[in-house]
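A.B. asks: Structure file final-v1.pdb (PDB, C-alpha atoms) right here:
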ATOM      1  CA  MET W 335      89.068  60.742 -37.673
ATOM      2  CA  HIS W 336      86.644  60.152 -34.845
ATOM      3  CA  LEU W 337      88.544  60.260 -31.550
ATOM      4  CA  LEU W 338      85.859  58.550 -29.476
ATOM      5  CA  VAL W 339      86.954  55.028 -28.626
ATOM      6  CA  TYR W 340      84.408  52.275 -28.016
ATOM      7  CA  LEU W 341      86.478  49.787 -26.026
ATOM      8  CA  THR W 342      83.984  46.984 -26.592
ATOM      9  CA  ARG W 343      84.258  47.248 -30.368
ATOM     10  CA  ILE W 344      87.338  45.137 -31.098
ATOM     11  CA  TYR W 345      87.039  42.673 -33.950
ATOM     12  CA  VAL W 346      89.497  40.597 -35.994
ATOM     13  CA  LEU W 347      87.699  40.340 -39.358
ATOM     14  CA  ALA W 348      90.357  38.478 -41.303
ATOM     15  CA  VAL W 349      93.969  37.429 -40.976
ATOM     16  CA  ALA W 350      95.076  40.462 -42.962
ATOM     17  CA  HIS W 351      92.775  43.024 -41.339
ATOM     18  CA  LEU W 352      92.075  44.358 -37.884
ATOM     19  CA  VAL W 353      89.097  46.523 -36.908
ATOM     20  CA  CYS W 354      89.613  48.487 -33.702
ATOM     21  CA  GLY W 355      86.745  50.780 -32.818
ATOM     22  CA  GLU W 356      86.435  52.981 -35.904
ATOM     23  CA  LEU W 357      89.835  52.110 -37.382
ATOM     24  CA  ILE W 358      90.636  49.494 -40.027
ATOM     25  CA  LEU W 359      94.255  48.352 -40.140
ATOM     26  CA  GLU W 360      95.710  46.246 -42.948
ATOM     27  CA  LYS W 361      98.582  43.832 -42.374
ATOM     28  CA  LYS W 362     101.554  44.634 -44.604
ATOM     29  CA  ASN W 363     103.244  41.269 -45.125
ATOM     30  CA  THR W 364     106.275  42.762 -46.863
ATOM     31  CA  MET W 365     107.101  44.571 -43.607
ATOM     32  CA  ASP W 366     107.010  41.481 -41.379
ATOM     33  CA  ASN W 367     110.214  41.391 -39.274
ATOM     34  CA  TRP W 368     111.156  44.908 -40.321
ATOM     35  CA  PHE W 369     111.105  47.843 -37.885
ATOM     36  CA  PRO W 370     111.061  51.516 -38.973
ATOM     37  CA  LEU W 371     114.263  53.477 -38.318
ATOM     38  CA  THR W 372     112.416  56.667 -37.360
ATOM     39  CA  SER W 373     109.037  58.095 -36.349
ATOM     40  CA  VAL W 374     108.174  55.326 -33.859
ATOM     41  CA  THR W 375     106.599  55.759 -30.419
ATOM     42  CA  THR W 376     106.652  52.737 -28.092
ATOM     43  CA  VAL W 377     103.433  52.343 -26.115
ATOM     44  CA  GLY W 378     104.625  49.336 -24.112
ATOM     45  CA  LEU W 379     103.133  45.976 -23.200
ATOM     46  CA  VAL W 380      99.661  45.116 -24.524
ATOM     47  CA  ARG W 381      97.575  41.954 -24.493
ATOM     48  CA  SER W 382      96.978  41.664 -28.244
ATOM     49  CA  PRO W 383      97.334  43.383 -31.642
ATOM     50  CA  ALA W 384      93.736  44.556 -31.204
ATOM     51  CA  GLU W 385      94.636  46.429 -28.009
ATOM     52  CA  CYS W 386      97.573  47.996 -29.826
ATOM     53  CA  GLY W 387      95.114  49.026 -32.543
ATOM     54  CA  LEU W 388      92.996  50.830 -29.958
ATOM     55  CA  HIS W 389      96.056  52.831 -28.905
ATOM     56  CA  CYS W 390      96.566  53.676 -32.587
ATOM     57  CA  LEU W 391      92.985  54.925 -32.769
ATOM     58  CA  ARG W 392      93.170  56.916 -29.552
ATOM     59  CA  VAL W 393      96.219  59.078 -30.334
ATOM     60  CA  GLY W 394      94.718  60.546 -33.495
ATOM     61  CA  TRP W 395      97.988  60.744 -35.462
ATOM     62  CA  CYS W 396      98.760  57.043 -35.963
ATOM     63  CA  GLN W 397      99.329  55.809 -39.522
ATOM     64  CA  ALA W 398     100.879  52.446 -38.706
ATOM     65  CA  MET W 399     101.446  50.091 -35.789
ATOM     66  CA  ILE W 400     104.236  47.571 -35.232
ATOM     67  CA  TYR W 401     103.496  44.706 -32.860
ATOM     68  CA  ASP W 402     106.107  42.390 -31.340
ATOM     69  CA  VAL W 403     104.404  39.000 -31.209
ATOM     70  CA  ILE W 404     106.903  37.544 -28.700
ATOM     71  CA  GLU W 405     107.320  40.434 -26.276
ATOM     72  CA  ASN W 406     103.753  41.774 -26.815
ATOM     73  CA  VAL W 407     105.074  45.313 -27.222
ATOM     74  CA  CYS W 408     103.026  47.905 -29.119
ATOM     75  CA  ASN W 409     104.707  50.574 -31.254
ATOM     76  CA  LEU W 410     103.009  53.345 -33.217
ATOM     77  CA  SER W 411     104.185  55.458 -36.137
ATOM     78  CA  ASN W 412     102.876  58.666 -37.674
ATOM     79  CA  ARG W 413     103.887  57.563 -41.186
ATOM     80  CA  SER W 414     103.985  54.483 -43.399
ATOM     81  CA  SER W 415     107.420  52.935 -43.864
ATOM     82  CA  THR W 416     109.162  50.737 -46.427
ATOM     83  CA  VAL W 417     111.810  48.040 -46.020
ATOM     84  CA  SER W 418     114.513  50.472 -47.170
ATOM     85  CA  GLU W 419     113.582  52.747 -44.254
ATOM     86  CA  SER W 420     113.679  49.927 -41.690
ATOM     87  CA  TYR W 421     116.000  47.480 -39.957
ATOM     88  CA  TRP W 422     115.605  43.739 -39.446
ATOM     89  CA  LYS W 423     113.796  42.866 -36.226
ATOM     90  CA  PRO W 424     112.384  39.325 -35.995
ATOM     91  CA  ASN W 425     108.904  38.583 -34.597
ATOM     92  CA  THR W 426     107.359  41.935 -35.496
ATOM     93  CA  THR W 427     104.219  42.422 -37.560
ATOM     94  CA  TYR W 428     103.304  45.655 -39.309
ATOM     95  CA  PHE W 429      99.780  47.039 -39.729
ATOM     96  CA  GLN W 430      99.062  50.106 -41.821
ATOM     97  CA  VAL W 431      95.984  52.277 -41.310
ATOM     98  CA  LYS W 432      93.659  51.522 -44.210
ATOM     99  CA  GLN W 433      90.693  53.732 -43.381
ATOM    100  CA  THR W 434      88.447  54.975 -40.623
ATOM    101  CA  VAL W 435      84.900  53.707 -40.260
ATOM    102  CA  PRO W 436      82.244  56.424 -39.861
ATOM    103  CA  ASP W 437      80.386  56.506 -36.561
ATOM    104  CA  GLY W 438      77.403  54.157 -36.498
ATOM    105  CA  TYR W 439      78.899  51.362 -38.597
ATOM    106  CA  LYS W 440      78.903  47.929 -36.934
ATOM    107  CA  CYS W 441      81.652  45.406 -37.591
ATOM    108  CA  ASP W 442      80.492  42.427 -35.531
ATOM    109  CA  VAL W 443      78.179  40.580 -37.973
ATOM    110  CA  PHE W 444      79.714  40.605 -41.451
ATOM    111  CA  THR W 445      83.008  38.770 -41.892
ATOM    112  CA  ARG W 446      84.546  41.239 -44.322
ATOM    113  CA  SER W 447      82.635  44.469 -43.912
ATOM    114  CA  CYS W 448      81.181  46.988 -41.469
ATOM    115  CA  ALA W 449      77.563  48.043 -42.005
ATOM    116  CA  THR W 450      74.953  50.571 -40.963
ATOM    117  CA  VAL W 451      71.279  51.275 -41.639
ATOM    118  CA  MET W 452      70.403  54.701 -43.040
ATOM    119  CA  ASP W 453      67.907  56.694 -40.962
ATOM    120  CA  SER W 454      65.495  57.307 -43.876
ATOM    121  CA  LEU W 455      63.962  55.348 -46.756
ATOM    122  CA  TYR W 456      65.410  55.980 -50.206
ATOM    123  CA  SER W 457      64.951  54.999 -53.844
ATOM    124  CA  TRP W 458      67.560  52.576 -55.180
ATOM    125  CA  ALA W 459      69.543  55.290 -57.000
ATOM    126  CA  ASP W 460      69.461  57.605 -53.973
ATOM    127  CA  ALA W 461      70.553  54.677 -51.772
ATOM    128  CA  ILE W 462      73.638  54.225 -53.960
ATOM    129  CA  ASP W 463      74.466  57.922 -53.553
ATOM    130  CA  LYS W 464      73.868  57.983 -49.787
ATOM    131  CA  CYS W 465      76.192  55.025 -49.233
ATOM    132  CA  SER W 466      78.795  56.577 -51.512
ATOM    133  CA  ASP W 467      78.763  59.722 -49.352
ATOM    134  CA  ASP W 468      80.164  57.563 -46.515
ATOM    135  CA  GLY W 469      82.756  55.926 -48.736
ATOM    136  CA  ALA W 470      80.551  52.835 -48.625
ATOM    137  CA  ARG W 471      78.437  50.812 -51.034
ATOM    138  CA  LEU W 472      74.860  49.522 -51.016
ATOM    139  CA  LEU W 473      74.791  46.045 -49.447
ATOM    140  CA  MET W 474      75.978  43.255 -51.728
ATOM    141  CA  ILE W 475      75.446  39.558 -50.993
ATOM    142  CA  GLU W 476      78.024  37.474 -52.833
ATOM    143  CA  SER W 477      77.686  34.108 -51.075
ATOM    144  CA  ALA W 478      75.468  31.879 -48.956
ATOM    145  CA  LYS W 479      77.564  32.835 -45.924
ATOM    146  CA  LYS W 480      76.982  36.550 -46.564
ATOM    147  CA  GLN W 481      73.268  35.785 -46.982
ATOM    148  CA  LEU W 482      73.145  34.257 -43.487
ATOM    149  CA  GLU W 483      75.091  37.199 -42.071
ATOM    150  CA  THR W 484      72.611  39.584 -43.694
ATOM    151  CA  GLU W 485      69.682  37.729 -42.160
ATOM    152  CA  GLN W 486      71.302  38.040 -38.728
ATOM    153  CA  PHE W 487      72.049  41.734 -39.260
ATOM    154  CA  MET W 488      68.474  42.475 -40.338
ATOM    155  CA  GLU W 489      67.126  40.546 -37.354
ATOM    156  CA  ASN W 490      69.398  42.540 -35.034
ATOM    157  CA  GLU W 491      68.299  45.826 -36.601
ATOM    158  CA  GLY W 492      64.593  44.953 -36.774
ATOM    159  CA  LEU W 493      64.441  45.275 -40.577
ATOM    160  CA  ILE W 494      61.811  43.455 -42.607
ATOM    161  CA  TYR W 495      63.110  44.558 -46.018
ATOM    162  CA  ALA W 496      66.064  46.402 -47.566
ATOM    163  CA  TRP W 497      67.608  47.242 -50.924
ATOM    164  CA  LEU W 498      70.436  45.160 -52.367
ATOM    165  CA  GLY W 499      73.096  46.533 -54.694
ATOM    166  CA  LEU W 500      71.871  44.678 -57.789
ATOM    167  CA  THR W 501      69.818  45.753 -60.810
ATOM    168  CA  ASP W 502      68.766  44.426 -64.223
ATOM    169  CA  GLN W 503      67.914  47.838 -65.660
ATOM    170  CA  THR W 504      70.384  47.419 -68.534
ATOM    171  CA  ILE W 505      69.462  43.893 -69.662
ATOM    172  CA  GLU W 506      66.343  42.206 -68.320
ATOM    173  CA  GLY W 507      67.289  39.165 -66.252
ATOM    174  CA  ARG W 508      71.002  39.999 -66.116
ATOM    175  CA  TRP W 509      71.633  41.153 -62.543
ATOM    176  CA  THR W 510      74.622  43.414 -62.081
ATOM    177  CA  ASP W 511      76.099  45.733 -59.468
ATOM    178  CA  PRO W 512      76.011  49.538 -60.051
ATOM    179  CA  ASP W 513      79.319  49.304 -61.969
ATOM    180  CA  GLY W 514      78.050  46.598 -64.311
ATOM    181  CA  GLY W 515      79.708  43.590 -62.693
ATOM    182  CA  GLN W 516      77.565  40.460 -63.009
ATOM    183  CA  ALA W 517      76.137  38.951 -59.829
ATOM    184  CA  LEU W 518      77.986  35.840 -58.671
ATOM    185  CA  TYR W 519      75.220  34.807 -56.274
ATOM    186  CA  THR W 520      71.442  35.293 -56.131
ATOM    187  CA  TYR W 521      68.743  34.068 -53.749
ATOM    188  CA  PHE W 522      65.429  35.109 -55.273
ATOM    189  CA  ASN W 523      62.149  33.811 -53.885
ATOM    190  CA  ASN W 524      60.147  31.230 -55.832
ATOM    191  CA  GLY W 525      58.549  32.929 -58.831
ATOM    192  CA  GLN W 526      60.909  35.894 -58.573
ATOM    193  CA  PRO W 527      62.192  37.972 -60.201
ATOM    194  CA  ASP W 528      59.074  38.531 -62.291
ATOM    195  CA  ASN W 529      59.654  42.128 -63.451
ATOM    196  CA  GLY W 530      56.321  43.039 -61.863
ATOM    197  CA  ILE W 531      54.591  40.896 -64.526
ATOM    198  CA  GLY W 532      56.216  43.096 -67.157
ATOM    199  CA  SER W 533      55.649  46.409 -65.380
ATOM    200  CA  GLY W 534      59.321  47.281 -64.875
ATOM    201  CA  GLN W 535      60.689  46.077 -61.545
ATOM    202  CA  HIS W 536      64.458  46.236 -61.976
ATOM    203  CA  CYS W 537      66.074  46.566 -58.539
ATOM    204  CA  ALA W 538      66.747  43.788 -56.034
ATOM    205  CA  MET W 539      65.704  43.763 -52.406
ATOM    206  CA  ILE W 540      65.614  41.275 -49.545
ATOM    207  CA  LYS W 541      62.388  40.587 -47.631
ATOM    208  CA  LYS W 542      61.943  38.952 -44.238
ATOM    209  CA  HIS W 543      58.446  37.630 -45.044
ATOM    210  CA  TYR W 544      59.969  35.775 -48.017
ATOM    211  CA  GLY W 545      62.260  33.969 -45.576
ATOM    212  CA  TYR W 546      64.895  36.578 -46.378
ATOM    213  CA  ARG W 547      64.811  35.575 -50.017
ATOM    214  CA  TRP W 548      65.017  38.272 -52.666
ATOM    215  CA  ASP W 549      62.486  40.086 -54.836
ATOM    216  CA  ASP W 550      62.627  42.585 -57.666
ATOM    217  CA  GLU W 551      61.028  45.969 -57.010
ATOM    218  CA  PHE W 552      60.413  49.298 -58.722
ATOM    219  CA  CYS W 553      63.682  51.222 -58.406
ATOM    220  CA  THR W 554      61.838  54.436 -57.551
ATOM    221  CA  SER W 555      60.137  52.921 -54.499
ATOM    222  CA  ARG W 556      61.555  53.940 -51.128
ATOM    223  CA  GLN W 557      63.081  51.162 -49.039
ATOM    224  CA  HIS W 558      65.428  50.662 -46.092
ATOM    225  CA  VAL W 559      69.110  51.055 -46.948
ATOM    226  CA  ILE W 560      72.044  49.057 -45.583
ATOM    227  CA  CYS W 561      75.446  50.552 -46.442
ATOM    228  CA  GLU W 562      78.638  48.585 -46.010
ATOM    229  CA  ILE W 563      82.348  49.375 -45.989
ATOM    230  CA  THR W 564      84.405  46.371 -47.065
ATOM    231  CA  THR W 565      87.555  45.568 -45.121
ATOM    232  CA  SER W 566      89.217  43.255 -47.633
TER     233      SER W 566
END
Translate the structure described by the file into structure tokens.
C.D. replies:
Amino acid sequence: MHLLVYLTRIYVLAVAHLVCGELILEKKNTMDNWFPLTSVTTVGLVRSPAECGLHCLRVGWCQAMIYDVIENVCNLSNRSSTVSESYWKPNTTYFQVKQTVPDGYKCDVFTRSCATVMDSLYSWADAIDKCSDDGARLLMIESAKKQLETEQFMENEGLIYAWLGLTDQTIEGRWTDPDGGQALYTYFNNGQPDNGIGSGQHCAMIKKHYGYRWDDEFCTSRQHVICEITTS
């Protein structure tokens, strides 16, 4: 776990998830109003669950945090607990550490993921592998909202093009993710995809000069890579 805390990086990405610096915490609804019997350290008063999450990140050993929503008291634990190991305590919420986010990933643009841009250009297959090395995936756009978020992210990062995690290498015209799941959303430019007029373009990318619409490209070409770690 990275111990460096960026105090400005505090984001609530969804009701069930909290991103604090490089730490993703997942709300465990079954533990609402239950407080662990052992292995709890009380930090004290905090202003929000996000601030409590930063304490969880800072100590290095935290596996769960318990936040009292009435008294605003932060408690940390070095282990995950179950109801059978806890006692009833109303007004407490329980967050379990889900994963750490590698240094360099940004969580302030995408609603349900943290993303980074790889330093080098890669082929589509190599891009898949490079993202996987981080426990991430090549960027997927599953909705119009995610499309707009991607446009903003690319603008922020100064990118004019980037790979997307879709291919039709198996069946021409059937766009799937690397695991074979069919695309639920596409946003190809007019006249695209065209398979390079039959020359074998089978991997999807997004291009700024197409108005951030998509194109198909030769999978062996080297393009910018956006990796993302989903938080829900």
A.B. asks: So which residues get picked by the PyMOL selection byres ((chain W and resi 511) around 12) here, written as a PyMOL selection string?
C.D. replies: chain W and resi 458-459+462+471-476+498-504+508-510+512-520+536-538
A.B. asks: Any chance you can output those residues with C-alpha atoms as a JSON list (two decimals), in the coordinates of the input?
C.D. replies:
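Everything below was put into result_35.json:
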[["chain", "number", "residue", "atom", "x", "y", "z"],
["W", 458, "TRP", "CA", 67.56, 52.58, -55.18],
["W", 459, "ALA", "CA", 69.54, 55.29, -57.00],
["W", 462, "ILE", "CA", 73.64, 54.22, -53.96],
["W", 471, "ARG", "CA", 78.44, 50.81, -51.03],
["W", 472, "LEU", "CA", 74.86, 49.52, -51.02],
["W", 473, "LEU", "CA", 74.79, 46.04, -49.45],
["W", 474, "MET", "CA", 75.98, 43.26, -51.73],
["W", 475, "ILE", "CA", 75.45, 39.56, -50.99],
["W", 476, "GLU", "CA", 78.02, 37.47, -52.83],
["W", 498, "LEU", "CA", 70.44, 45.16, -52.37],
["W", 499, "GLY", "CA", 73.10, 46.53, -54.69],
["W", 500, "LEU", "CA", 71.87, 44.68, -57.79],
["W", 501, "THR", "CA", 69.82, 45.75, -60.81],
["W", 502, "ASP", "CA", 68.77, 44.43, -64.22],
["W", 503, "GLN", "CA", 67.91, 47.84, -65.66],
["W", 504, "THR", "CA", 70.38, 47.42, -68.53],
["W", 508, "ARG", "CA", 71.00, 40.00, -66.12],
["W", 509, "TRP", "CA", 71.63, 41.15, -62.54],
["W", 510, "THR", "CA", 74.62, 43.41, -62.08],
["W", 512, "PRO", "CA", 76.01, 49.54, -60.05],
["W", 513, "ASP", "CA", 79.32, 49.30, -61.97],
["W", 514, "GLY", "CA", 78.05, 46.60, -64.31],
["W", 515, "GLY", "CA", 79.71, 43.59, -62.69],
["W", 516, "GLN", "CA", 77.56, 40.46, -63.01],
["W", 517, "ALA", "CA", 76.14, 38.95, -59.83],
["W", 518, "LEU", "CA", 77.99, 35.84, -58.67],
["W", 519, "TYR", "CA", 75.22, 34.81, -56.27],
["W", 520, "THR", "CA", 71.44, 35.29, -56.13],
["W", 536, "HIS", "CA", 64.46, 46.24, -61.98],
["W", 537, "CYS", "CA", 66.07, 46.57, -58.54],
["W", 538, "ALA", "CA", 66.75, 43.79, -56.03]]
A.B. asks: Find the residues near Ile400 in chain W: any atom within 10 Å, counting all atoms listed in the file, skip ones fewer than 6 places away on the same chain, and give them as a PyMOL selection string.
C.D. replies: chain W and resi 361+365-370+374-376+383+386-387+407-411+426-430
A.B. asks: List as JSON lines every residue of range 355-456 of chain W that is in contact with range 540-557 of chain W, defined as an atom at most 9 Å from one of its atoms (using all atoms listed in the file), together with the nearest atom pair and the distance in Å rounded to one decimal, sorted by chain and then rising number.
C.D. replies:
{"residue": "W:Ser454", "atom": "CA", "partner": "W:Gln557", "partner_atom": "CA", "distance": 8.4}
{"residue": "W:Leu455", "atom": "CA", "partner": "W:Gln557", "partner_atom": "CA", "distance": 4.8}
{"residue": "W:Tyr456", "atom": "CA", "partner": "W:Arg556", "partner_atom": "CA", "distance": 4.5}
A.B. asks: Anything within 12 Å of (84.5, 56.4, -41.4): list those residues as a PyMOL selection string, counting only C-alpha atoms and sticking to the file's coordinates.
C.D. replies: chain W and resi 335-337+353+355-358+432-441+448-450+465-470+561-565
A.B. asks: Restricted to C-alpha atoms, what would the selected residues look like written as a tab-separated table (two decimals), in the frame of the given file?
C.D. replies:
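Dumped everything to selection_2.tsv:
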chain	number	residue	atom	x	y	z
W	335	MET	CA	89.07	60.74	-37.67
W	336	HIS	CA	86.64	60.15	-34.84
W	337	LEU	CA	88.54	60.26	-31.55
W	353	VAL	CA	89.10	46.52	-36.91
W	355	GLY	CA	86.74	50.78	-32.82
W	356	GLU	CA	86.44	52.98	-35.90
W	357	LEU	CA	89.84	52.11	-37.38
W	358	ILE	CA	90.64	49.49	-40.03
W	432	LYS	CA	93.66	51.52	-44.21
W	433	GLN	CA	90.69	53.73	-43.38
W	434	THR	CA	88.45	54.98	-40.62
W	435	VAL	CA	84.90	53.71	-40.26
W	436	PRO	CA	82.24	56.42	-39.86
W	437	ASP	CA	80.39	56.51	-36.56
W	438	GLY	CA	77.40	54.16	-36.50
W	439	TYR	CA	78.90	51.36	-38.60
W	440	LYS	CA	78.90	47.93	-36.93
W	441	CYS	CA	81.65	45.41	-37.59
W	448	CYS	CA	81.18	46.99	-41.47
W	449	ALA	CA	77.56	48.04	-42.00
W	450	THR	CA	74.95	50.57	-40.96
W	465	CYS	CA	76.19	55.02	-49.23
W	466	SER	CA	78.80	56.58	-51.51
W	467	ASP	CA	78.76	59.72	-49.35
W	468	ASP	CA	80.16	57.56	-46.52
W	469	GLY	CA	82.76	55.93	-48.74
W	470	ALA	CA	80.55	52.84	-48.62
W	561	CYS	CA	75.45	50.55	-46.44
W	562	GLU	CA	78.64	48.58	-46.01
W	563	ILE	CA	82.35	49.38	-45.99
W	564	THR	CA	84.40	46.37	-47.06
W	565	THR	CA	87.56	45.57	-45.12
A.B. asks: Any idea what the distance is between CA of Ser415 in chain W and CA of Arg446 in chain W?
C.D. replies: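 Separating CA of Ser415 in chain W from CA of Arg446 in chain W is a distance of 25.7 Å.
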A.B. asks: Residues at most 10 Å from Leu493 in chain W, counting only C-alpha atoms, excluding those fewer than 2 positions away in the same chain, as a list in words?
C.D. replies: Val451, Glu485, Phe487, Met488, Glu489, Asn490, Glu491, Tyr495, Ala496, Ile540, Lys541, Lys542, His558, Val559 and Ile560 of chain W
A.B. asks: Using only C-alpha atoms, which residues sit within 9 Å of Val431 in chain W once same-chain residues fewer than 4 positions away are excluded, as a list in words?
C.D. replies: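 Everything that qualifies: Leu357, Ile358, Leu359, Glu360, Lys361, Cys390, Cys396, Gln397, Ala398, Met399 and Ser414 of chain W.
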A.B. asks: Using all atoms listed in the file, which residue out of W:Thr364, W:Glu419, W:Val403, W:Trp395 lies closest to Arg381 in chain W?
C.D. replies: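 Closest to Arg381 in chain W, using all atoms listed in the file: W:Val403.
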A.B. asks: First collect every listed atom of range 419-423 of chain W; then fit an axis-aligned box around them, widen it by 8 Å on each side, and give centre and edge lengths in Å to one decimal, as lines of an AutoDock Vina configuration file.
C.D. replies:
center_x = 114.8
center_y = 47.8
center_z = -40.2
size_x = 18.4
size_y = 25.9
size_z = 24.0
A.B. asks: Mind giving me the straight-line distance from CA of Asp463 in chain W to CA of Lys480 in chain W in Å, one decimal?
C.D. replies: 22.6 Å
A.B. asks: What would range 519-527 of chain W look like if you wrote it out as an mmCIF file, in the first residue's frame, with all heavy atoms included, from the block I just posted?
C.D. replies:
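Result went into out27.cif, see below:
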data_model
loop_
_atom_site.group_PDB
_atom_site.id
_atom_site.type_symbol
_atom_site.label_atom_id
_atom_site.label_comp_id
_atom_site.auth_asym_id
_atom_site.auth_seq_id
_atom_site.Cartn_x
_atom_site.Cartn_y
_atom_site.Cartn_z
ATOM 1 N N TYR W 519 -22.839 -0.338 -25.682
ATOM 2 C CA TYR W 519 -22.896 1.035 -26.175
ATOM 3 C C TYR W 519 -21.755 1.246 -27.158
ATOM 4 O O TYR W 519 -20.642 0.766 -26.936
ATOM 5 C CB TYR W 519 -22.756 2.008 -24.997
ATOM 6 C CG TYR W 519 -22.627 3.470 -25.385
ATOM 7 C CD1 TYR W 519 -23.758 4.249 -25.582
ATOM 8 C CD2 TYR W 519 -21.377 4.069 -25.536
ATOM 9 C CE1 TYR W 519 -23.644 5.594 -25.931
ATOM 10 C CE2 TYR W 519 -21.260 5.408 -25.882
ATOM 11 C CZ TYR W 519 -22.394 6.164 -26.079
ATOM 12 O OH TYR W 519 -22.270 7.483 -26.427
ATOM 13 N N THR W 520 -22.037 1.924 -28.270
ATOM 14 C CA THR W 520 -20.983 2.316 -29.213
ATOM 15 C C THR W 520 -21.254 3.744 -29.682
ATOM 16 O O THR W 520 -22.393 4.228 -29.623
ATOM 17 C CB THR W 520 -20.914 1.385 -30.440
ATOM 18 O OG1 THR W 520 -22.170 1.399 -31.120
ATOM 19 C CG2 THR W 520 -20.561 -0.043 -30.027
ATOM 20 N N TYR W 521 -20.198 4.394 -30.170
ATOM 21 C CA TYR W 521 -20.323 5.794 -30.602
ATOM 22 C C TYR W 521 -19.368 6.044 -31.771
ATOM 23 O O TYR W 521 -18.575 6.970 -31.768
ATOM 24 C CB TYR W 521 -20.005 6.715 -29.424
ATOM 25 C CG TYR W 521 -20.383 8.168 -29.610
ATOM 26 C CD1 TYR W 521 -21.695 8.546 -29.881
ATOM 27 C CD2 TYR W 521 -19.423 9.169 -29.485
ATOM 28 C CE1 TYR W 521 -22.044 9.876 -30.025
ATOM 29 C CE2 TYR W 521 -19.761 10.518 -29.628
ATOM 30 C CZ TYR W 521 -21.076 10.859 -29.905
ATOM 31 O OH TYR W 521 -21.418 12.177 -30.043
ATOM 32 N N PHE W 522 -19.478 5.188 -32.786
ATOM 33 C CA PHE W 522 -18.592 5.293 -33.940
ATOM 34 C C PHE W 522 -18.928 6.514 -34.793
ATOM 35 O O PHE W 522 -20.083 6.940 -34.885
ATOM 36 C CB PHE W 522 -18.685 4.037 -34.801
ATOM 37 C CG PHE W 522 -17.947 2.862 -34.225
ATOM 38 C CD1 PHE W 522 -18.629 1.838 -33.567
ATOM 39 C CD2 PHE W 522 -16.567 2.768 -34.328
ATOM 40 C CE1 PHE W 522 -17.958 0.757 -33.039
ATOM 41 C CE2 PHE W 522 -15.879 1.694 -33.796
ATOM 42 C CZ PHE W 522 -16.576 0.678 -33.141
ATOM 43 N N ASN W 523 -17.896 7.062 -35.425
ATOM 44 C CA ASN W 523 -18.066 8.196 -36.321
ATOM 45 C C ASN W 523 -18.848 7.773 -37.559
ATOM 46 O O ASN W 523 -18.939 6.578 -37.888
ATOM 47 C CB ASN W 523 -16.686 8.729 -36.723
ATOM 48 C CG ASN W 523 -16.777 10.095 -37.373
ATOM 49 O OD1 ASN W 523 -17.602 10.918 -36.994
ATOM 50 N ND2 ASN W 523 -15.911 10.343 -38.355
ATOM 51 N N ASN W 524 -19.416 8.741 -38.262
ATOM 52 C CA ASN W 524 -20.134 8.447 -39.502
ATOM 53 C C ASN W 524 -19.217 7.710 -40.476
ATOM 54 O O ASN W 524 -18.078 8.117 -40.707
ATOM 55 C CB ASN W 524 -20.639 9.736 -40.147
ATOM 56 C CG ASN W 524 -21.686 10.441 -39.297
ATOM 57 O OD1 ASN W 524 -22.386 9.803 -38.528
ATOM 58 N ND2 ASN W 524 -21.790 11.756 -39.437
ATOM 59 N N GLY W 525 -19.707 6.613 -41.026
ATOM 60 C CA GLY W 525 -18.917 5.821 -41.963
ATOM 61 C C GLY W 525 -17.991 4.828 -41.302
ATOM 62 O O GLY W 525 -17.272 4.087 -41.993
ATOM 63 N N GLN W 526 -17.976 4.810 -39.970
ATOM 64 C CA GLN W 526 -17.147 3.881 -39.218
ATOM 65 C C GLN W 526 -18.053 2.968 -38.359
ATOM 66 O O GLN W 526 -19.157 3.367 -37.999
ATOM 67 C CB GLN W 526 -16.166 4.640 -38.322
ATOM 68 C CG GLN W 526 -15.226 5.573 -39.048
ATOM 69 C CD GLN W 526 -14.294 4.850 -39.988
ATOM 70 O OE1 GLN W 526 -14.000 3.663 -39.789
ATOM 71 N NE2 GLN W 526 -13.817 5.544 -41.013
ATOM 72 N N PRO W 527 -17.573 1.771 -38.073
ATOM 73 C CA PRO W 527 -16.298 1.169 -38.488
ATOM 74 C C PRO W 527 -16.374 0.678 -39.931
ATOM 75 O O PRO W 527 -17.415 0.222 -40.374
ATOM 76 C CB PRO W 527 -16.153 -0.005 -37.511
ATOM 77 C CG PRO W 527 -17.572 -0.388 -37.180
ATOM 78 C CD PRO W 527 -18.340 0.897 -37.155
#
